[in-house]
Structure formats: C-alpha cells, structure tokens
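Q: Got a structure for you, run07.cif, holding mmCIF, C-alpha atoms and all ligand atoms.
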```
data_query
#
loop_
_atom_site.label_atom_id
_atom_site.label_comp_id
_atom_site.auth_asym_id
_atom_site.auth_seq_id
_atom_site.Cartn_x
_atom_site.Cartn_y
_atom_site.Cartn_z
CA MET A 1 -1.20 52.37 37.44
CA SER A 2 -0.64 50.55 40.74
CA ARG A 3 0.92 47.18 40.20
CA LYS A 4 -0.55 44.33 42.25
CA ARG A 5 1.87 43.06 44.87
CA THR A 6 2.15 39.37 44.01
CA ALA A 7 3.72 36.44 45.87
CA ILE A 8 4.85 33.31 44.06
CA LEU A 9 4.74 30.09 46.10
CA ILE A 10 7.15 27.37 45.00
CA SER A 11 8.54 24.02 46.15
CA GLY A 12 11.21 23.35 43.53
CA ARG A 13 13.18 24.64 40.57
CA GLY A 14 10.88 27.57 39.85
CA SER A 15 10.90 27.75 36.06
CA ASN A 16 7.33 29.11 36.03
CA MET A 17 8.40 31.56 38.72
CA GLY A 18 11.19 32.67 36.37
CA ALA A 19 8.68 33.22 33.54
CA LEU A 20 6.48 35.34 35.83
CA ILE A 21 9.43 37.38 37.08
CA SER A 22 10.66 38.01 33.51
CA ALA A 23 7.21 39.19 32.41
CA SER A 24 6.92 41.46 35.44
CA MET A 25 10.09 43.32 34.39
CA ALA A 26 8.07 45.19 31.74
CA PRO A 27 6.99 48.52 33.27
CA SER A 28 3.47 48.11 31.88
CA TYR A 29 2.96 44.67 33.46
CA PRO A 30 0.18 44.97 36.06
CA ALA A 31 1.81 42.74 38.73
CA GLU A 32 5.08 43.14 40.59
CA ILE A 33 6.65 40.10 42.21
CA ALA A 34 7.07 41.23 45.80
CA LEU A 35 7.85 37.86 47.40
CA VAL A 36 8.84 34.30 46.59
CA LEU A 37 7.90 31.86 49.35
CA SER A 38 8.91 28.20 49.52
CA ASN A 39 7.87 25.38 51.83
CA ARG A 40 11.25 23.74 51.18
CA PRO A 41 14.43 25.48 52.35
CA ASP A 42 16.43 23.82 49.52
CA ALA A 43 14.14 24.86 46.63
CA LYS A 44 16.34 25.88 43.70
CA GLY A 45 13.92 28.65 42.79
CA LEU A 46 14.82 30.57 45.96
CA GLU A 47 18.37 31.19 44.68
CA ARG A 48 17.01 32.39 41.34
CA ALA A 49 14.61 34.77 43.04
CA GLU A 50 17.44 36.19 45.14
CA GLU A 51 19.50 36.74 41.99
CA PHE A 52 16.64 38.88 40.74
CA GLY A 53 16.73 40.84 44.03
CA ILE A 54 13.29 39.61 45.08
CA ALA A 55 12.45 39.08 48.77
CA THR A 56 12.27 35.40 49.71
CA ALA A 57 10.81 33.50 52.66
CA VAL A 58 10.75 29.87 53.77
CA VAL A 59 7.91 28.33 55.76
CA ASP A 60 9.06 24.73 56.19
CA HIS A 61 6.01 22.47 56.41
CA LYS A 62 8.09 19.88 58.29
CA GLU A 63 8.21 22.20 61.29
CA PHE A 64 4.44 21.96 61.80
CA SER A 65 4.28 18.21 62.55
CA GLY A 66 1.52 17.50 60.07
CA ASP A 67 -0.70 20.37 61.21
CA ARG A 68 -1.59 21.75 57.77
CA GLU A 69 -3.63 24.63 59.08
CA ALA A 70 -0.87 25.83 61.41
CA PHE A 71 1.50 25.76 58.44
CA GLU A 72 -0.97 27.78 56.39
CA ARG A 73 -1.53 30.31 59.19
CA GLN A 74 2.21 30.99 59.09
CA VAL A 75 2.21 31.27 55.28
CA ASP A 76 -0.73 33.68 55.49
CA ALA A 77 1.06 35.77 58.15
CA VAL A 78 4.15 36.10 55.92
CA LEU A 79 1.96 37.10 52.95
CA LYS A 80 0.30 39.77 55.10
CA ASP A 81 3.68 41.04 56.37
CA HIS A 82 4.66 41.64 52.76
CA ARG A 83 1.32 43.35 51.94
CA ILE A 84 0.60 40.76 49.24
CA GLU A 85 -2.52 41.23 47.09
CA LEU A 86 -2.29 38.23 44.74
CA VAL A 87 -0.79 34.76 45.11
CA ALA A 88 0.49 32.60 42.24
CA LEU A 89 1.21 28.95 43.04
CA ALA A 90 3.99 27.71 40.76
CA GLY A 91 4.88 24.11 41.49
CA PHE A 92 3.86 24.53 45.15
CA MET A 93 3.43 20.89 46.11
CA ARG A 94 1.22 21.16 49.20
CA ILE A 95 -2.45 20.26 49.33
CA LEU A 96 -4.23 23.31 50.72
CA THR A 97 -6.94 23.30 53.39
CA PRO A 98 -10.02 25.53 53.21
CA TYR A 99 -8.22 27.89 55.61
CA LEU A 100 -5.79 29.32 53.03
CA VAL A 101 -8.15 28.83 50.08
CA ASN A 102 -10.91 30.84 51.77
CA ALA A 103 -8.51 33.55 52.88
CA TRP A 104 -7.49 34.13 49.25
CA THR A 105 -10.67 33.44 47.26
CA ASN A 106 -10.36 34.89 43.74
CA ARG A 107 -6.89 36.19 44.64
CA MET A 108 -4.94 32.91 44.37
CA ILE A 109 -4.12 31.17 41.08
CA ASN A 110 -2.37 27.92 40.21
CA ILE A 111 -0.80 26.28 37.18
CA HIS A 112 -1.45 22.60 36.53
CA PRO A 113 0.32 20.55 33.82
CA ALA A 114 -2.79 19.19 32.09
CA LEU A 115 -5.93 20.37 30.34
CA LEU A 116 -8.24 20.36 33.36
CA PRO A 117 -10.59 18.82 34.30
CA SER A 118 -8.62 15.92 32.78
CA PHE A 119 -5.66 14.55 34.70
CA LYS A 120 -5.88 16.21 38.10
CA GLY A 121 -3.14 15.21 40.55
CA LEU A 122 0.32 13.87 39.82
CA ALA A 123 1.98 12.07 36.87
CA THR A 124 -0.19 13.94 34.36
CA HIS A 125 2.10 13.32 31.37
CA GLU A 126 2.36 9.56 31.97
CA ARG A 127 -1.42 9.32 32.24
CA ALA A 128 -2.02 11.46 29.13
CA ILE A 129 0.20 9.07 27.10
CA GLU A 130 -1.48 6.01 28.61
CA GLU A 131 -4.95 7.31 27.80
CA GLY A 132 -3.91 8.04 24.22
CA VAL A 133 -5.09 11.65 24.16
CA LYS A 134 -3.92 13.57 21.10
CA LEU A 135 -3.89 17.00 22.76
CA HIS A 136 -2.46 17.69 26.19
CA GLY A 137 -1.39 20.92 27.82
CA ALA A 138 -1.58 23.16 30.85
CA THR A 139 -4.18 25.17 32.74
CA VAL A 140 -4.07 28.24 34.96
CA HIS A 141 -7.07 28.43 37.30
CA TYR A 142 -8.27 30.19 40.41
CA VAL A 143 -7.72 28.00 43.46
CA SER A 144 -10.80 26.48 45.08
CA ALA A 145 -11.24 24.00 47.92
CA GLU A 146 -10.89 20.93 45.67
CA MET A 147 -7.40 20.02 44.45
CA ASP A 148 -6.65 21.11 40.83
CA ASP A 149 -10.13 22.55 40.56
CA GLY A 150 -11.51 26.06 40.35
CA PRO A 151 -12.50 28.50 37.60
CA ILE A 152 -10.25 28.17 34.55
CA ILE A 153 -8.51 31.35 33.36
CA ILE A 154 -6.41 30.11 30.45
CA GLN A 155 -5.33 26.86 28.81
CA GLY A 156 -2.58 26.03 26.35
CA ALA A 157 -2.59 22.86 24.26
CA VAL A 158 0.23 20.88 22.68
CA PRO A 159 0.16 17.79 20.47
CA VAL A 160 1.10 14.38 21.86
CA LEU A 161 3.56 12.74 19.43
CA ASP A 162 3.70 9.01 18.68
CA ASN A 163 7.15 8.64 20.20
CA ASP A 164 6.61 10.85 23.25
CA THR A 165 7.88 9.78 26.64
CA PRO A 166 6.60 11.47 29.81
CA ASP A 167 9.79 13.58 29.76
CA THR A 168 9.54 14.80 26.16
CA LEU A 169 5.86 15.58 26.67
CA ALA A 170 6.61 17.36 29.96
CA SER A 171 9.13 19.65 28.31
CA ARG A 172 6.69 20.54 25.49
CA VAL A 173 4.00 21.29 28.08
CA LEU A 174 6.46 23.31 30.18
CA GLN A 175 7.05 25.67 27.24
CA VAL A 176 3.34 26.34 27.01
CA GLU A 177 3.21 26.81 30.81
CA HIS A 178 5.79 29.57 30.52
CA GLN A 179 3.64 31.22 27.83
CA ILE A 180 0.27 31.03 29.57
CA TYR A 181 1.17 31.76 33.20
CA PRO A 182 2.43 35.32 32.59
CA LYS A 183 -0.64 35.94 30.42
CA ALA A 184 -2.98 34.64 33.14
CA LEU A 185 -1.38 36.76 35.85
CA GLU A 186 -1.61 39.77 33.57
CA LEU A 187 -5.35 39.18 33.04
CA VAL A 188 -6.01 38.72 36.76
CA ALA A 189 -3.82 41.59 37.99
CA SER A 190 -5.28 44.03 35.47
CA GLY A 191 -8.80 43.18 36.63
CA LYS A 192 -9.90 41.97 33.18
CA THR A 193 -11.20 38.63 34.43
CA ARG A 194 -14.71 38.13 35.84
CA VAL A 195 -15.52 35.02 37.85
CA SER A 196 -19.08 33.78 37.91
CA GLY A 197 -19.55 30.32 39.37
CA THR A 198 -17.19 27.98 37.58
CA ARG A 199 -16.62 30.31 34.61
CA VAL A 200 -14.12 33.05 34.01
CA THR A 201 -14.86 35.57 31.28
CA GLY A 202 -13.09 38.62 29.96
CA GLY A 203 -9.84 36.90 29.03
CA ALA A 204 -10.05 37.12 25.25
CA GLY A 205 -11.12 39.60 22.65
CA GLN A 206 -14.39 38.78 20.86
CA HIS A 207 -12.63 37.80 17.67
CA ASP A 208 -9.77 35.74 19.13
CA THR A 209 -10.33 32.23 17.90
CA ALA A 210 -7.79 29.54 17.21
CA SER A 211 -7.86 25.81 16.82
CA LEU A 212 -5.25 23.13 17.11
CA VAL A 213 -6.07 19.97 15.18
CA TRP A 214 -3.82 17.00 15.71
CA PRO A 215 -2.79 14.90 13.81
C1 LIG B 301 5.16 22.64 36.68
O1 LIG B 301 5.09 21.76 35.59
C2 LIG B 301 3.79 22.85 37.28
O2 LIG B 301 2.77 22.89 36.32
C3 LIG B 301 3.66 21.66 38.19
O3 LIG B 301 4.93 21.52 38.77
C4 LIG B 301 5.92 21.99 37.85
C5 LIG B 301 6.80 22.99 38.56
O4 LIG B 301 7.88 23.36 37.75
N1 LIG B 301 2.63 21.82 39.16
C6 LIG B 301 1.87 20.83 39.61
O5 LIG B 301 1.99 19.68 39.27
C7 LIG B 301 0.81 21.26 40.63
N2 LIG B 301 -0.27 20.30 40.67
P1 LIG B 301 8.67 24.70 38.00
O6 LIG B 301 9.10 24.67 39.47
O7 LIG B 301 9.83 24.64 37.09
O8 LIG B 301 7.74 25.83 37.71
#
```
I need this file expressed as structure tokens, please.
A:
Amino acid sequence: MSRKRTAILISGRGSNMGALISASMAPSYPAEIALVLSNRPDAKGLERAEEFGIATAVVDHKEFSGDREAFERQVDAVLKDHRIELVALAGFMRILTPYLVNAWTNRMINIHPALLPSFKGLATHERAIEEGVKLHGATVHYVSAEMDDGPIIIQGAVPVLDNDTPDTLASRVLQVEHQIYPKALELVASGKTRVSGTRVTGGAGQHDTASLVWP
C-alpha cells in the first residue's frame, strides 16, 4: 500500500496536528505526514512536529504585504517541493483565495469547531452557548471557495451542559476533534470517500447508526 504524502498546515499549538501524527504512526494508516507548514514562525506546533522528526516549513504571511495569492503561490510551491498529495488544515487561520482552493480541489480538508453549516467563522463556542443549542461539535470537510464550507466528511457531536463556559465547551469539542480528524484523513487517504456535489458518501458502513440525545 502506498501511503498518501500529507501536509498539515497550522498556525498555532497544533493539537489536531498531534492527533494526526499519532494516528499516522500505525503502519496500516493510509497517510504519512510528510510536512508540517505554518504561516507563523512562532507556532508551537512546529516544535512538536520537529520532535516527531517531521519536516517543517514556514511561509510567513506577513512577508507578502497583504498579497494573499502571492502567499499562497509560495505555500503551493513548498507543497510541490515536498511531493505532497493531500493537505490537512489544522487550525490554519488564513482565509484562502480560489487560487489555493482550486489547486487542491478534493485533496484539501479542514477541521472546524462546530457542526457545520451552523456557526461558521470564529468564536463558535460562545455563539453555540448564546444560541442555546443542546448539541455542538466539530466537522471535517473538503475545502471549497467559501469559508468553512465544502462537502462534509465527518462530524462529531457533544452535549452542551447548563454550566458550560466557552472554555469548558471548547475542551469537550477538542476531544471530539482529535477523534474525528484522524478518522476523516483515513477515509480520504484510503480513497473510501466519494464526493458528488455537496455530499460525501462512503464514510460509514451500511449498518453504522448512532444517536446522541441530550438532555
Ligand atoms: C481547533 O479547535 C480547530 O478546530 C480550530 O482551531 C483550533 C486549532 O487548535 N480551527 C478553526 O477555527 C478554523 N476555522 P490546534 O492548533 O490545537 O489543533
């Protein structure tokens, strides 16, 4: 089996990156993490990646004086240099232009800390509490031209408790992120997923059903 050469793009601490790297240590996992790239030179995740012996790169967006496409051309060049086949965004806090999105159609995935299409954008946990939703969670999706949009691969739900703060809710959601992101990358890298329009199929067995009722 040839493992798909995967790059993880980060901007910060890289806990999802860590979950993907750990999963990829299993010999049967269909993706190998060949590169971790950050747009911030001080991202904590870079040190962690180096500890795992993974190649790292920095493309600092501040050096492109607001020219998003020039920044993305450089990111794309680094991905090509490393012969990358799949890209996983993991807390990569840059809005992408159609340039990078089109270059990686169906080969770039992202994790978002909410049950999309609810709560796109930032401050998802604050807004989930404000809106009074009872179930919240995280989504891994293929990246499309719209922010936090694109065909959904997997979702994980958690309950919202009466006394939750944005921080307590964030840490419950983060645990589910670490569960679903390795599973999503496995599905994509093994070629099990099929994208047609806005829908992704092939992720679950016919008899996999589960429900979470809360409260
Ligand atoms: C994660 O919660 C991820 O879902 C979120 O940033 C955090 C990064 O944490 N991403 C977004 O908000 C993207 N819209 P990590 O660096 O520990 O993985």
Q: What is the atom O1 of ligand LIG 301 (chain B) to CA of Gln175 (chain A) distance in Å?
A: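 Between atom O1 of ligand LIG 301 (chain B) and CA of Gln175 (chain A) the gap is 9.4 Å.
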Q: Point out the residue among A:Val143, A:Leu185, A:Ile153, A:Leu37 with the least atom-to-atom distance to Ala57 (chain A), counting all atoms listed in the file.
A: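 Going through A:Val143, A:Leu185, A:Ile153, A:Leu37 one by one, the smallest distance to Ala57 (chain A) is for A:Leu37.
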Q: Identify, counting all atoms listed in the file, the protein, DNA and RNA residues located within 8 Å of ligand LIG 301 (chain B), and give them as an MDAnalysis selection string.
A: chainID A and resid 10:18 45 90:93 110:114 120:124 138 148 170 173:174 177
Q: Return the single residue from A:Ala145, A:Met108, A:Val78, A:Lys62 that is closest to Ile95 (chain A), with distances computed using only C-alpha atoms.
A: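 Residue with the minimum atom-to-atom distance to Ile95 (chain A): A:Ala145.
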Q: Rounded to one decimal in Å, what is the spacing between CA of Val59 (chain A) and CA of Asn39 (chain A)?
A: 4.9 Å
Q: How many Å lie between CA of Tyr181 (chain A) and CA of Leu20 (chain A), rounded to one decimal?
A: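 Result for CA of Tyr181 (chain A) versus CA of Leu20 (chain A): 6.9 Å, one decimal.
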Q: Quick one: everything within 9 Å of Ile129 (chain A), counting all atoms listed in the file, minus sequence neighbours fewer than 4 positions away in the same chain. Send it as a ChimeraX atom specification.
A: /A:124-125,133-134,160,164-166,169
Q: With 4 Å on each side, where is the centre of the axis-aligned box around all listed atoms of region 165-183 of chain A, and how long are its edges in Å to one decimal, as JSON?
A:
```
{"center_x": 4.6, "center_y": 22.9, "center_z": 29.3, "size_x": 18.4, "size_y": 34.2, "size_z": 15.7}
```
Q: Place a sphere of radius 9 Å on (-1.1, 32.7, 31.5) in the file coordinates and name every protein, DNA or RNA residue with an atom inside or on its surface, counting only C-alpha atoms; give the answer as a PDB file with C-alpha atoms, keeping the file's coordinate frame.
A:
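The resulting file, selection_0.pdb, is reproduced below:
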```pdb
ATOM      1  CA  ILE A 111      -0.800  26.280  37.180  1.00  0.00           C
ATOM      2  CA  THR A 139      -4.180  25.170  32.740  1.00  0.00           C
ATOM      3  CA  VAL A 140      -4.070  28.240  34.960  1.00  0.00           C
ATOM      4  CA  ILE A 153      -8.510  31.350  33.360  1.00  0.00           C
ATOM      5  CA  ILE A 154      -6.410  30.110  30.450  1.00  0.00           C
ATOM      6  CA  GLN A 155      -5.330  26.860  28.810  1.00  0.00           C
ATOM      7  CA  GLY A 156      -2.580  26.030  26.350  1.00  0.00           C
ATOM      8  CA  VAL A 176       3.340  26.340  27.010  1.00  0.00           C
ATOM      9  CA  GLU A 177       3.210  26.810  30.810  1.00  0.00           C
ATOM     10  CA  HIS A 178       5.790  29.570  30.520  1.00  0.00           C
ATOM     11  CA  GLN A 179       3.640  31.220  27.830  1.00  0.00           C
ATOM     12  CA  ILE A 180       0.270  31.030  29.570  1.00  0.00           C
ATOM     13  CA  TYR A 181       1.170  31.760  33.200  1.00  0.00           C
ATOM     14  CA  PRO A 182       2.430  35.320  32.590  1.00  0.00           C
ATOM     15  CA  LYS A 183      -0.640  35.940  30.420  1.00  0.00           C
ATOM     16  CA  ALA A 184      -2.980  34.640  33.140  1.00  0.00           C
ATOM     17  CA  LEU A 185      -1.380  36.760  35.850  1.00  0.00           C
ATOM     18  CA  GLU A 186      -1.610  39.770  33.570  1.00  0.00           C
ATOM     19  CA  LEU A 187      -5.350  39.180  33.040  1.00  0.00           C
TER      20      LEU A 187
END
```
Q: Considering only C-alpha atoms, state which residue in the set A:Ser196, A:Leu115, A:Val101, A:Ala189 is at the smallest distance from Ser28 (chain A).
A: A:Ala189
Q: With all atoms listed in the file as the basis for distance, which of A:Met1, A:Ala77, A:Ala49, A:Val188 is at the shortest distance from Ser22 (chain A)?
A: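 Residue with the minimum atom-to-atom distance to Ser22 (chain A): A:Ala49.
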Q: Hey, what's within 8 Å of Arg73 (chain A) if we count all atoms listed in the file and toss same-chain stuff fewer than 3 positions away? As a PyMOL selection string, please?
A: chain A and resi 69-70+76-77+99-100
Q: Would you mind exporting the chosen residues as a short mmCIF file (atom, residue, chain, number, x, y, z; two decimals), in the frame of the given file, restricted to C-alpha atoms?
A:
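again.cif, freshly written:
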```
data_model
loop_
_atom_site.label_atom_id
_atom_site.label_comp_id
_atom_site.auth_asym_id
_atom_site.auth_seq_id
_atom_site.Cartn_x
_atom_site.Cartn_y
_atom_site.Cartn_z
CA GLU A 69 -3.63 24.63 59.08
CA ALA A 70 -0.87 25.83 61.41
CA ASP A 76 -0.73 33.68 55.49
CA ALA A 77 1.06 35.77 58.15
CA TYR A 99 -8.22 27.89 55.61
CA LEU A 100 -5.79 29.32 53.03
#
```
Q: In terms of the shortest atom-to-atom distance over all atoms listed in the file, which of A:Ile8, A:Met147, A:Ala31, A:Leu86 is closest to Pro117 (chain A)?
A: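 Among the listed residues, the smallest separation from Pro117 (chain A) belongs to A:Met147.
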Q: Can you pull out the residues contacting Ala34 (chain A)? Cut-off 8 Å, using all atoms listed in the file, and skip same-chain residues under 2 positions away; I want them as a VMD selection string.
A: chain A and resid 5 to 7 32 36 54 to 55 82 84
